[in-house]
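Structure file final16.pdb; described as PDB, C-alpha atoms.
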ATOM      1  CA  MET A   1       0.000   0.000   0.000
ATOM      2  CA  LYS A   2       1.283   3.424  -0.926
ATOM      3  CA  ALA A   3       0.703   5.862   1.940
ATOM      4  CA  ARG A   4      -0.219   9.467   1.442
ATOM      5  CA  ALA A   5       0.529  12.408   3.664
ATOM      6  CA  GLY A   6      -1.160  15.450   5.117
ATOM      7  CA  PHE A   7      -0.227  17.431   8.205
ATOM      8  CA  THR A   8      -1.368  19.509  11.126
ATOM      9  CA  GLN A   9       0.669  21.552  13.551
ATOM     10  CA  SER A  10       0.035  21.851  17.266
ATOM     11  CA  THR A  11       1.682  21.560  20.658
ATOM     12  CA  PRO A  12       2.217  18.041  22.049
ATOM     13  CA  ARG A  13       0.820  16.471  25.210
ATOM     14  CA  PRO A  14       2.617  14.892  28.205
ATOM     15  CA  LEU A  15       4.329  12.759  29.333
ATOM     16  CA  THR A  16       7.921  13.257  28.501
ATOM     17  CA  ARG A  17       8.231  16.972  27.997
ATOM     18  CA  TYR A  18       6.283  18.826  30.701
ATOM     19  CA  LYS A  19       9.098  20.114  32.876
ATOM     20  CA  GLY A  20       7.662  23.448  33.992
ATOM     21  CA  ALA A  21       4.619  24.453  35.942
ATOM     22  CA  VAL A  22       2.764  26.095  33.095
ATOM     23  CA  ARG A  23       1.576  24.516  29.846
ATOM     24  CA  ALA A  24       3.231  26.183  26.906
ATOM     25  CA  ALA A  25       1.216  27.868  24.187
ATOM     26  CA  ALA A  26       1.470  26.646  20.614
ATOM     27  CA  VAL A  27       2.154  28.492  17.434
ATOM     28  CA  SER A  28      -0.048  31.591  17.109
ATOM     29  CA  ALA A  29      -0.262  31.670  13.358
ATOM     30  CA  CYS A  30      -2.419  30.047  10.741
ATOM     31  CA  LEU A  31      -1.609  29.119   7.168
ATOM     32  CA  ALA A  32      -4.314  28.330   4.677
ATOM     33  CA  VAL A  33      -4.147  28.303   0.935
ATOM     34  CA  CYS A  34      -7.202  30.524   0.727
ATOM     35  CA  LEU A  35      -9.948  31.973   2.872
ATOM     36  CA  LEU A  36     -12.567  29.426   3.862
ATOM     37  CA  ALA A  37     -16.173  30.237   3.070
ATOM     38  CA  ALA A  38     -19.088  29.244   5.280
ATOM     39  CA  ALA A  39     -19.826  25.540   5.032
ATOM     40  CA  PRO A  40     -22.875  24.493   3.031
ATOM     41  CA  ALA A  41     -25.384  22.248   4.770
ATOM     42  CA  ALA A  42     -24.230  19.173   2.822
ATOM     43  CA  ALA A  43     -20.492  19.832   3.238
ATOM     44  CA  GLN A  44     -18.290  16.763   3.415
ATOM     45  CA  PRO A  45     -15.950  16.298   6.386
ATOM     46  CA  ILE A  46     -12.374  17.491   6.281
ATOM     47  CA  ALA A  47     -10.363  15.043   4.195
ATOM     48  CA  LEU A  48      -6.973  14.541   2.564
ATOM     49  CA  HIS A  49      -6.567  16.587  -0.577
ATOM     50  CA  PRO A  50      -6.890  14.153  -3.510
ATOM     51  CA  GLU A  51      -4.251  15.895  -5.645
ATOM     52  CA  ASN A  52      -1.713  16.652  -2.904
ATOM     53  CA  PRO A  53      -2.371  14.772   0.349
ATOM     54  CA  HIS A  54       0.286  16.809   2.147
ATOM     55  CA  TYR A  55      -2.679  19.173   2.534
ATOM     56  CA  PHE A  56      -6.184  18.760   3.812
ATOM     57  CA  LEU A  57      -9.292  19.455   1.765
ATOM     58  CA  TRP A  58     -11.939  21.343   3.712
ATOM     59  CA  ARG A  59     -15.000  23.104   2.388
ATOM     60  CA  GLY A  60     -13.721  22.852  -1.131
ATOM     61  CA  LYS A  61     -10.357  24.464  -0.341
ATOM     62  CA  PRO A  62      -6.875  23.020   0.352
ATOM     63  CA  ALA A  63      -5.717  23.928   3.859
ATOM     64  CA  VAL A  64      -2.975  23.585   6.451
ATOM     65  CA  LEU A  65      -4.214  23.580  10.056
ATOM     66  CA  ILE A  66      -2.246  25.336  12.807
ATOM     67  CA  THR A  67      -3.416  25.866  16.363
ATOM     68  CA  SER A  68      -2.833  26.638  19.988
ATOM     69  CA  GLY A  69      -4.724  23.567  21.080
ATOM     70  CA  GLU A  70      -3.820  22.638  24.658
ATOM     71  CA  HIS A  71      -7.254  22.962  26.251
ATOM     72  CA  TYR A  72      -8.050  19.289  25.876
ATOM     73  CA  GLY A  73     -10.604  19.478  28.699
ATOM     74  CA  ALA A  74     -12.813  22.085  27.013
ATOM     75  CA  LEU A  75     -15.710  19.634  26.832
ATOM     76  CA  LEU A  76     -15.437  17.707  30.104
ATOM     77  CA  ASN A  77     -14.694  20.679  32.368
ATOM     78  CA  LEU A  78     -17.918  22.506  33.220
ATOM     79  CA  ASP A  79     -16.006  25.588  34.369
ATOM     80  CA  PHE A  80     -14.260  26.085  31.029
ATOM     81  CA  ASP A  81     -15.724  28.703  28.662
ATOM     82  CA  TYR A  82     -15.151  26.984  25.321
ATOM     83  CA  ARG A  83     -16.899  29.743  23.352
ATOM     84  CA  ARG A  84     -14.432  32.334  24.613
ATOM     85  CA  TYR A  85     -11.602  29.948  23.800
ATOM     86  CA  LEU A  86     -12.862  29.281  20.269
ATOM     87  CA  ASP A  87     -13.415  33.000  19.736
ATOM     88  CA  THR A  88      -9.777  33.565  20.698
ATOM     89  CA  LEU A  89      -8.561  30.916  18.247
ATOM     90  CA  ALA A  90     -10.643  32.423  15.461
ATOM     91  CA  LYS A  91      -9.471  35.955  16.246
ATOM     92  CA  ASP A  92      -5.865  34.804  15.921
ATOM     93  CA  GLY A  93      -6.591  32.996  12.650
ATOM     94  CA  LEU A  94      -6.155  29.508  14.128
ATOM     95  CA  MET A  95      -8.143  26.603  12.735
ATOM     96  CA  LEU A  96      -7.823  23.525  14.955
ATOM     97  CA  THR A  97      -8.416  22.345  18.500
ATOM     98  CA  ARG A  98      -7.866  18.957  20.130
ATOM     99  CA  LEU A  99     -10.637  17.659  22.360
ATOM    100  CA  PHE A 100     -10.616  14.770  24.851
ATOM    101  CA  SER A 101     -13.906  12.891  25.012
ATOM    102  CA  GLY A 102     -14.228  12.553  28.792
ATOM    103  CA  SER A 103     -13.342   8.869  29.042
ATOM    104  CA  TYR A 104     -10.138  10.111  30.706
ATOM    105  CA  VAL A 105      -9.669  12.831  33.330
ATOM    106  CA  GLU A 106      -6.724  14.110  35.369
ATOM    107  CA  PRO A 107      -6.290  15.121  39.013
ATOM    108  CA  GLU A 108      -5.317  18.624  39.977
ATOM    109  CA  GLY A 109      -1.548  19.087  39.751
ATOM    110  CA  ALA A 110      -1.015  16.356  37.162
ATOM    111  CA  PHE A 111       2.220  16.892  35.212
ATOM    112  CA  LYS A 112       2.633  20.200  37.091
ATOM    113  CA  ILE A 113       0.265  21.906  34.664
ATOM    114  CA  ALA A 114      -1.210  25.146  35.977
ATOM    115  CA  ARG A 115      -4.950  25.659  35.399
ATOM    116  CA  ASN A 116      -5.209  22.278  33.695
ATOM    117  CA  THR A 117      -8.579  22.023  31.940
ATOM    118  CA  LEU A 118      -8.325  18.223  32.084
ATOM    119  CA  ALA A 119      -8.429  18.482  35.878
ATOM    120  CA  PRO A 120     -11.882  19.871  36.743
ATOM    121  CA  LEU A 121     -12.691  20.877  40.295
ATOM    122  CA  PRO A 122     -14.674  18.435  42.460
ATOM    123  CA  GLY A 123     -18.173  18.005  41.061
ATOM    124  CA  ARG A 124     -17.344  19.794  37.788
ATOM    125  CA  PHE A 125     -16.388  16.790  35.656
ATOM    126  CA  LEU A 126     -18.807  16.065  32.810
ATOM    127  CA  SER A 127     -18.533  12.538  31.450
ATOM    128  CA  PRO A 128     -20.407  10.944  28.536
ATOM    129  CA  TRP A 129     -21.749   8.461  31.093
ATOM    130  CA  ALA A 130     -24.588   9.596  33.335
ATOM    131  CA  ARG A 131     -24.247   9.904  37.082
ATOM    132  CA  SER A 132     -26.052   7.323  39.168
ATOM    133  CA  ARG A 133     -27.908   7.929  42.415
ATOM    134  CA  GLU A 134     -25.096   6.322  44.399
ATOM    135  CA  PRO A 135     -22.564   8.669  46.022
ATOM    136  CA  GLY A 136     -18.871   7.932  46.084
ATOM    137  CA  TYR A 137     -17.107   9.183  42.945
ATOM    138  CA  ALA A 138     -13.479   9.836  43.840
ATOM    139  CA  ASN A 139     -13.557  13.527  42.832
ATOM    140  CA  GLY A 140     -16.969  14.517  44.101
ATOM    141  CA  GLY A 141     -20.553  13.647  43.313
ATOM    142  CA  ASN A 142     -22.215  10.356  42.502
ATOM    143  CA  LYS A 143     -20.700   7.380  40.773
ATOM    144  CA  PHE A 144     -21.232   6.812  37.054
ATOM    145  CA  ASP A 145     -23.576   4.422  35.267
ATOM    146  CA  LEU A 146     -21.771   3.020  32.221
ATOM    147  CA  GLU A 147     -25.062   1.819  30.771
ATOM    148  CA  ARG A 148     -26.620   5.293  30.525
ATOM    149  CA  TRP A 149     -25.601   8.441  28.646
ATOM    150  CA  ASP A 150     -25.508  11.951  30.086
ATOM    151  CA  ALA A 151     -27.821  14.166  28.012
ATOM    152  CA  ALA A 152     -26.104  17.335  29.267
ATOM    153  CA  TYR A 153     -22.751  16.036  28.035
ATOM    154  CA  PHE A 154     -23.990  15.389  24.513
ATOM    155  CA  ALA A 155     -25.798  18.732  24.392
ATOM    156  CA  ARG A 156     -22.523  20.442  25.357
ATOM    157  CA  LEU A 157     -20.607  18.404  22.768
ATOM    158  CA  LYS A 158     -23.011  19.395  19.990
ATOM    159  CA  ASP A 159     -22.924  23.060  20.983
ATOM    160  CA  LEU A 160     -19.135  23.082  21.134
ATOM    161  CA  LEU A 161     -18.793  21.476  17.707
ATOM    162  CA  ASP A 162     -21.430  23.740  16.200
ATOM    163  CA  TYR A 163     -19.758  26.841  17.600
ATOM    164  CA  ALA A 164     -16.364  25.664  16.345
ATOM    165  CA  ASN A 165     -17.950  24.988  12.969
ATOM    166  CA  ARG A 166     -19.265  28.540  12.738
ATOM    167  CA  ARG A 167     -15.815  29.848  13.697
ATOM    168  CA  HIS A 168     -14.196  27.727  10.940
ATOM    169  CA  ILE A 169     -12.321  25.547  13.435
ATOM    170  CA  VAL A 170     -11.628  21.834  13.024
ATOM    171  CA  VAL A 171     -11.974  19.598  16.103
ATOM    172  CA  GLU A 172      -9.759  16.555  16.560
ATOM    173  CA  LEU A 173     -11.841  14.397  18.906
ATOM    174  CA  THR A 174      -9.577  12.085  20.909
ATOM    175  CA  LEU A 175     -11.627   9.126  22.095
ATOM    176  CA  PHE A 176      -9.335   7.533  24.694
ATOM    177  CA  CYS A 177      -6.111   8.059  26.627
ATOM    178  CA  PRO A 178      -3.957   5.574  28.585
ATOM    179  CA  MET A 179      -3.818   5.867  32.351
ATOM    180  CA  TYR A 180      -0.349   7.314  32.871
ATOM    181  CA  GLU A 181      -0.410   6.871  36.637
ATOM    182  CA  GLU A 182      -2.667   5.490  39.363
ATOM    183  CA  ALA A 183      -3.897   9.043  39.949
ATOM    184  CA  GLN A 184      -5.634   9.089  36.557
ATOM    185  CA  TRP A 185      -7.052   5.575  36.919
ATOM    186  CA  SER A 186      -8.405   6.416  40.362
ATOM    187  CA  LEU A 187     -10.629   9.099  38.751
ATOM    188  CA  SER A 188     -11.707   7.198  35.662
ATOM    189  CA  PRO A 189     -15.398   6.326  35.227
ATOM    190  CA  MET A 190     -14.111   3.099  33.634
ATOM    191  CA  ASN A 191     -12.628   2.047  36.982
ATOM    192  CA  ALA A 192     -15.027  -0.247  38.852
ATOM    193  CA  VAL A 193     -14.682   1.823  42.030
ATOM    194  CA  ASN A 194     -16.237   4.792  40.204
ATOM    195  CA  ASN A 195     -19.217   3.142  38.510
ATOM    196  CA  VAL A 196     -22.241   1.225  39.772
ATOM    197  CA  ASN A 197     -21.942  -1.498  37.131
ATOM    198  CA  GLY A 198     -18.886  -3.289  38.490
ATOM    199  CA  ILE A 199     -17.187  -2.665  35.143
ATOM    200  CA  GLY A 200     -13.426  -2.190  35.034
ATOM    201  CA  LYS A 201     -12.064  -4.538  37.688
ATOM    202  CA  VAL A 202      -8.628  -4.417  36.095
ATOM    203  CA  GLY A 203      -5.355  -2.587  36.575
ATOM    204  CA  ARG A 204      -4.766   0.736  34.879
ATOM    205  CA  LEU A 205      -2.481  -0.834  32.255
ATOM    206  CA  GLU A 206      -5.241  -3.288  31.344
ATOM    207  CA  ALA A 207      -7.997  -0.719  30.868
ATOM    208  CA  LEU A 208      -7.503  -0.471  27.093
ATOM    209  CA  ALA A 209      -7.310  -4.086  25.979
ATOM    210  CA  LEU A 210      -9.271  -6.743  24.117
ATOM    211  CA  ASP A 211      -8.881  -9.625  26.544
ATOM    212  CA  LYS A 212      -9.038  -8.263  30.108
ATOM    213  CA  ASP A 213     -12.613  -7.191  30.799
ATOM    214  CA  GLN A 214     -15.237  -7.883  28.135
ATOM    215  CA  ARG A 215     -17.831  -5.634  29.771
ATOM    216  CA  LEU A 216     -15.350  -2.760  29.808
ATOM    217  CA  LEU A 217     -14.515  -3.383  26.156
ATOM    218  CA  ALA A 218     -18.241  -3.379  25.363
ATOM    219  CA  ALA A 219     -18.612  -0.027  27.159
ATOM    220  CA  GLN A 220     -15.726   1.401  25.125
ATOM    221  CA  GLU A 221     -17.270   0.127  21.898
ATOM    222  CA  ALA A 222     -20.631   1.615  22.843
ATOM    223  CA  LEU A 223     -19.019   4.977  23.670
ATOM    224  CA  THR A 224     -17.203   4.995  20.340
ATOM    225  CA  ARG A 225     -20.409   4.272  18.433
ATOM    226  CA  LYS A 226     -22.325   6.899  20.403
ATOM    227  CA  LEU A 227     -19.737   9.630  19.776
ATOM    228  CA  VAL A 228     -19.322   8.758  16.101
ATOM    229  CA  THR A 229     -23.078   8.757  15.542
ATOM    230  CA  THR A 230     -23.619  11.971  17.500
ATOM    231  CA  VAL A 231     -21.096  14.030  15.505
ATOM    232  CA  ASN A 232     -21.650  12.433  12.102
ATOM    233  CA  ALA A 233     -23.386  15.487  10.619
ATOM    234  CA  MET A 234     -20.402  17.745  11.344
ATOM    235  CA  ASP A 235     -17.815  18.440   8.644
ATOM    236  CA  ASN A 236     -15.234  19.935  11.036
ATOM    237  CA  VAL A 237     -14.413  16.734  12.976
ATOM    238  CA  MET A 238     -11.689  14.096  12.755
ATOM    239  CA  PHE A 239     -11.220  11.209  15.193
ATOM    240  CA  GLU A 240      -8.052  10.223  17.037
ATOM    241  CA  ILE A 241      -8.192   6.716  18.506
ATOM    242  CA  VAL A 242      -6.091   7.207  21.618
ATOM    243  CA  ASN A 243      -3.625   9.801  22.864
ATOM    244  CA  GLU A 244      -0.023   8.615  23.329
ATOM    245  CA  PRO A 245      -0.684   4.853  23.364
ATOM    246  CA  TYR A 246       3.064   4.223  23.167
ATOM    247  CA  ILE A 247       3.642   5.755  26.617
ATOM    248  CA  ARG A 248       1.812   2.850  28.268
ATOM    249  CA  ASP A 249       1.962   0.206  25.520
ATOM    250  CA  VAL A 250      -1.710   0.199  24.551
ATOM    251  CA  PRO A 251      -2.053  -2.958  22.408
ATOM    252  CA  MET A 252      -2.153  -2.331  18.678
ATOM    253  CA  ALA A 253      -4.923  -4.922  18.378
ATOM    254  CA  TRP A 254      -7.144  -2.818  20.658
ATOM    255  CA  GLN A 255      -6.353   0.361  18.706
ATOM    256  CA  ARG A 256      -7.236  -1.267  15.411
ATOM    257  CA  HIS A 257     -10.396  -2.701  16.921
ATOM    258  CA  ILE A 258     -11.558   0.810  17.823
ATOM    259  CA  VAL A 259     -10.786   1.927  14.259
ATOM    260  CA  ASP A 260     -12.943  -0.941  13.030
ATOM    261  CA  VAL A 261     -15.789   0.177  15.290
ATOM    262  CA  ILE A 262     -15.553   3.721  13.894
ATOM    263  CA  VAL A 263     -15.476   2.610  10.265
ATOM    264  CA  GLU A 264     -18.244   0.060  10.659
ATOM    265  CA  THR A 265     -20.432   2.573  12.491
ATOM    266  CA  GLU A 266     -19.990   5.187   9.784
ATOM    267  CA  ARG A 267     -20.617   2.679   7.013
ATOM    268  CA  GLY A 268     -24.353   3.155   7.479
ATOM    269  CA  LEU A 269     -24.190   6.914   8.078
ATOM    270  CA  SER A 270     -24.140   9.845   5.673
ATOM    271  CA  LYS A 271     -20.545  10.937   6.308
ATOM    272  CA  GLN A 272     -17.173   9.280   6.847
ATOM    273  CA  HIS A 273     -14.483  11.088   8.846
ATOM    274  CA  LEU A 274     -10.702  10.873   9.062
ATOM    275  CA  VAL A 275      -9.345   8.500  11.735
ATOM    276  CA  THR A 276      -5.790   9.017  13.002
ATOM    277  CA  GLN A 277      -3.387   6.882  15.017
ATOM    278  CA  ASN A 278      -0.915   8.529  17.397
ATOM    279  CA  VAL A 279       2.407   6.785  16.695
ATOM    280  CA  ALA A 280       5.248   8.253  18.736
ATOM    281  CA  ASN A 281       6.958  11.153  20.409
ATOM    282  CA  GLN A 282       9.527  12.499  17.941
ATOM    283  CA  THR A 283      10.258   9.632  15.530
ATOM    284  CA  ALA A 284       9.258   6.069  14.705
ATOM    285  CA  ALA A 285       9.183   3.856  11.637
ATOM    286  CA  ILE A 286       5.761   2.930  10.284
ATOM    287  CA  THR A 287       6.237  -0.378   8.515
ATOM    288  CA  ASP A 288       2.757  -1.889   8.733
ATOM    289  CA  PRO A 289       0.133   0.870   8.351
ATOM    290  CA  TYR A 290      -3.413  -0.236   9.007
ATOM    291  CA  PRO A 291      -5.515   0.316   5.850
ATOM    292  CA  ARG A 292      -8.401   1.748   7.843
ATOM    293  CA  ASP A 293      -6.250   4.454   9.461
ATOM    294  CA  SER A 294      -6.458   7.786   7.665
ATOM    295  CA  GLY A 295      -3.268   9.193   9.163
ATOM    296  CA  PHE A 296      -0.499   8.967  11.743
ATOM    297  CA  ASN A 297       0.234  11.604  14.406
ATOM    298  CA  PHE A 298       3.620  12.393  15.917
ATOM    299  CA  HIS A 299       4.251  14.504  19.015
ATOM    300  CA  SER A 300       7.351  16.696  19.421
ATOM    301  CA  ALA A 301       8.554  15.752  15.953
ATOM    302  CA  PRO A 302      11.959  17.258  15.061
ATOM    303  CA  THR A 303      13.168  17.884  11.521
ATOM    304  CA  PRO A 304      14.692  16.529   9.426
ATOM    305  CA  ALA A 305      15.234  13.494  11.671
ATOM    306  CA  ALA A 306      11.549  12.654  11.951
ATOM    307  CA  PHE A 307      11.117  12.557   8.207
ATOM    308  CA  ALA A 308      14.198  10.392   7.753
ATOM    309  CA  THR A 309      13.374   7.976  10.564
ATOM    310  CA  THR A 310       9.721   7.491   9.751
ATOM    311  CA  TYR A 311      10.317   7.029   6.047
ATOM    312  CA  HIS A 312       9.601   3.590   4.662
ATOM    313  CA  PRO A 313       9.227   2.451   1.045
ATOM    314  CA  ASN A 314       5.543   1.860   1.699
ATOM    315  CA  ASN A 315       5.001   4.932   3.838
ATOM    316  CA  ARG A 316       6.029   8.556   3.247
ATOM    317  CA  THR A 317       5.504  11.036   6.041
ATOM    318  CA  ALA A 318       4.958  14.775   5.876
ATOM    319  CA  TYR A 319       7.870  17.047   6.670
ATOM    320  CA  CYS A 320       7.789  17.911  10.380
ATOM    321  CA  THR A 321       8.953  20.980  12.275
ATOM    322  CA  PRO A 322      10.006  21.125  15.952
ATOM    323  CA  ALA A 323       7.247  20.738  18.560
ATOM    324  CA  PHE A 324       4.648  20.241  15.842
ATOM    325  CA  ARG A 325       2.572  17.166  15.270
ATOM    326  CA  ALA A 326       2.659  15.945  11.683
ATOM    327  CA  THR A 327       0.082  13.623  10.225
ATOM    328  CA  ALA A 328       1.185  11.175   7.568
ATOM    329  CA  ALA A 329      -1.995   9.731   6.165
ATOM    330  CA  ALA A 330      -2.528   6.250   4.764
ATOM    331  CA  THR A 331      -5.253   5.425   2.312
ATOM    332  CA  ARG A 332      -8.358   4.470   4.250
ATOM    333  CA  GLY A 333      -9.753   1.110   3.229
ATOM    334  CA  THR A 334     -13.013  -0.651   3.881
ATOM    335  CA  SER A 335     -11.790  -4.062   4.977
TER     336      SER A 335
END
What does the file become when written as structure tokens?
Amino acid sequence: MKARAGFTQSTPRPLTRYKGAVRAAAVSACLAVCLLAAAPAAAQPIALHPENPHYFLWRGKPAVLITSGEHYGALLNLDFDYRRYLDTLAKDGLMLTRLFSGSYVEPEGAFKIARNTLAPLPGRFLSPWARSREPGYANGGNKFDLERWDAAYFARLKDLLDYANRRHIVVELTLFCPMYEEAQWSLSPMNAVNNVNGIGKVGRLEALALDKDQRLLAAQEALTRKLVTTVNAMDNVMFEIVNEPYIRDVPMAWQRHIVDVIVETERGLSKQHLVTQNVANQTAAITDPYPRDSGFNFHSAPTPAAFATTYHPNNRTAYCTPAFRATAAATRGTS
């Protein structure tokens, strides 16, 4: 299979590079080949440009996406004003944000990040799963019910995406994240201590796996289908399977299974969106790209080493620049 390439630029995420107390801002500039017009009602989702897949195709125009996109908790943190944030991106000419779904949450002080939006205050965490009537969630409020959805969460998700859409901003929706430390797992709704279903009686390194807890896997599949179905009408969305899976060795089989769930869910829907796999910090060789992946993300990718290291006869990556994430996109198949 001949791979094709497109790219985005943004700041990376932990674990290896947060040394200070304050999260650094990303590049405050935006490049686009031409000004993007308002999206028509039947607009197709952002895609790889068919003539030059080093660029994206969005709303009929080739584009490069650049952002200051570190507010990953914009959706799950009830105290975060995402409209003000998106207005700021648009004012600065930026066109992308990265959004965590709420399957993962961080404690205050994680990675020494000041005012971390992924670390909501007690009682201010909004998860896709509804709260039960049973008290005892580790960071305030009732435990979660992994068999029911939270209507307020999905209303907030739709409003956020719609507002981003009107501000001409693409949203990279990251579905999952590994549990870096026990502190993250202790707050996860997928941990059996935090839900009323008894789902997730595994260790943190077994939370994202095919063969450890079948009920947990079923909950993850259901969440993926729910999110994919909910946002299907939007043209400004792309999916990322899992953030930094290589930091905690998330099995490739599980990652590809989630891709399969996305693709199979969208098969019967009106739109099909890009699906990206996060490969490595800095550099890594991609020798066996999954046909159903649309692209491959790299964090903290230096140049020209990243291009040289990731190059393979069957896979050409985009040219990377320091502290940017490049996406080298493989042809998306159907089987």
Q.
Quick check on the file I pasted: which residues fall under the PyMOL selection byres ((chain A and resi 257) around 12)? Write them as a ChimeraX atom specification.
A. /A:208-211,217-218,220-221,224,241-242,250-256,258-264,290,292-293
Suppose we keep C-alpha atoms; can you now write the selection as a compact mmCIF listing (two decimals), in the frame of the given file?
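Output file selection_15.txt is given in full below:
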# COMPACT_ATOMS: atom_id res chain seq x y z
CA LEU A 208 -7.50 -0.47 27.09
CA ALA A 209 -7.31 -4.09 25.98
CA LEU A 210 -9.27 -6.74 24.12
CA ASP A 211 -8.88 -9.62 26.54
CA LEU A 217 -14.52 -3.38 26.16
CA ALA A 218 -18.24 -3.38 25.36
CA GLN A 220 -15.73 1.40 25.12
CA GLU A 221 -17.27 0.13 21.90
CA THR A 224 -17.20 5.00 20.34
CA ILE A 241 -8.19 6.72 18.51
CA VAL A 242 -6.09 7.21 21.62
CA VAL A 250 -1.71 0.20 24.55
CA PRO A 251 -2.05 -2.96 22.41
CA MET A 252 -2.15 -2.33 18.68
CA ALA A 253 -4.92 -4.92 18.38
CA TRP A 254 -7.14 -2.82 20.66
CA GLN A 255 -6.35 0.36 18.71
CA ARG A 256 -7.24 -1.27 15.41
CA ILE A 258 -11.56 0.81 17.82
CA VAL A 259 -10.79 1.93 14.26
CA ASP A 260 -12.94 -0.94 13.03
CA VAL A 261 -15.79 0.18 15.29
CA ILE A 262 -15.55 3.72 13.89
CA VAL A 263 -15.48 2.61 10.26
CA GLU A 264 -18.24 0.06 10.66
CA TYR A 290 -3.41 -0.24 9.01
CA ARG A 292 -8.40 1.75 7.84
CA ASP A 293 -6.25 4.45 9.46
**Q.** Atomic distance atom CA of A:Arg131 - atom CA of A:Phe144, expressed in Å with one decimal
**A.** 4.3 Å
Q) Any idea what's packed within 8 Å of A:His71, counting only C-alpha atoms, ignoring anything in its chain fewer than 2 positions away? Could you give it as a ChimeraX atom specification? A) /A:69,73-74,97-99,116-118
Tell me which protein, DNA and RNA residues are within 12 Å of A:Ala155, counting all atoms listed in the file, leaving out same-chain ones fewer than 3 positions away, and put them as a PDB file with C-alpha atoms, keeping the file's coordinate frame.
ATOM      1  CA  LEU A  75     -15.710  19.634  26.832  1.00  0.00           C
ATOM      2  CA  LEU A  76     -15.437  17.707  30.104  1.00  0.00           C
ATOM      3  CA  LEU A 126     -18.807  16.065  32.810  1.00  0.00           C
ATOM      4  CA  SER A 127     -18.533  12.538  31.450  1.00  0.00           C
ATOM      5  CA  PRO A 128     -20.407  10.944  28.536  1.00  0.00           C
ATOM      6  CA  TRP A 149     -25.601   8.441  28.646  1.00  0.00           C
ATOM      7  CA  ASP A 150     -25.508  11.951  30.086  1.00  0.00           C
ATOM      8  CA  ALA A 151     -27.821  14.166  28.012  1.00  0.00           C
ATOM      9  CA  ALA A 152     -26.104  17.335  29.267  1.00  0.00           C
ATOM     10  CA  LYS A 158     -23.011  19.395  19.990  1.00  0.00           C
ATOM     11  CA  ASP A 159     -22.924  23.060  20.983  1.00  0.00           C
ATOM     12  CA  LEU A 160     -19.135  23.082  21.134  1.00  0.00           C
ATOM     13  CA  LEU A 161     -18.793  21.476  17.707  1.00  0.00           C
ATOM     14  CA  ASP A 162     -21.430  23.740  16.200  1.00  0.00           C
ATOM     15  CA  LEU A 227     -19.737   9.630  19.776  1.00  0.00           C
ATOM     16  CA  THR A 230     -23.619  11.971  17.500  1.00  0.00           C
ATOM     17  CA  VAL A 231     -21.096  14.030  15.505  1.00  0.00           C
TER      18      VAL A 231
END
Q) Using only C-alpha atoms, which residue out of A:Arg124, A:Lys91, A:His54, A:Lys226 lies closest to A:Arg148? A)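 Ranked by minimum distance to A:Arg148, first place goes to A:Lys226.
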Q: Using only C-alpha atoms, find the one residue out of A:Met179, A:Ala164, A:Ala301, A:Val193 that sits nearest to A:Pro135.
A: A:Val193
Q: Please measure the separation of atom CA of A:Pro289 and atom CA of A:Pro245, giving the value in Å to one decimal.
A: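 Result for atom CA of A:Pro289 versus atom CA of A:Pro245: 15.6 Å, one decimal.
The residues that lie within 6 Å of the point (-11.5, 21.9, 12.5), counting all atoms listed in the file, are Met95, Leu96, Ile169, Val170, Val171, Asn236 and Val237 of chain A.
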**Q.** Point (-12.8, 20.1, 2.6), cut-off 9 Å, counting all atoms listed in the file, residues as a ChimeraX atom specification
**A.** /A:43-49,56-63,235-236
Work out where the centre of an axis-aligned box around every listed atom of stretch 167-180 of chain A lies and how long its edges are once 3 Å is added on each side; give both in Å to one decimal as AutoDock Vina command-line options.
--center_x -8.1 --center_y 17.7 --center_z 21.9 --size_x 21.5 --size_y 30.3 --size_z 27.9
**Q.** the PyMOL selection byres ((chain A and resi 186) around 10) resolved against shown file, as a count of residues only
**A.** 21
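Closest to A:Thr174 among A:Asp81, A:Asp87, A:Asp249, A:Glu244 is A:Glu244, based on all atoms listed in the file.
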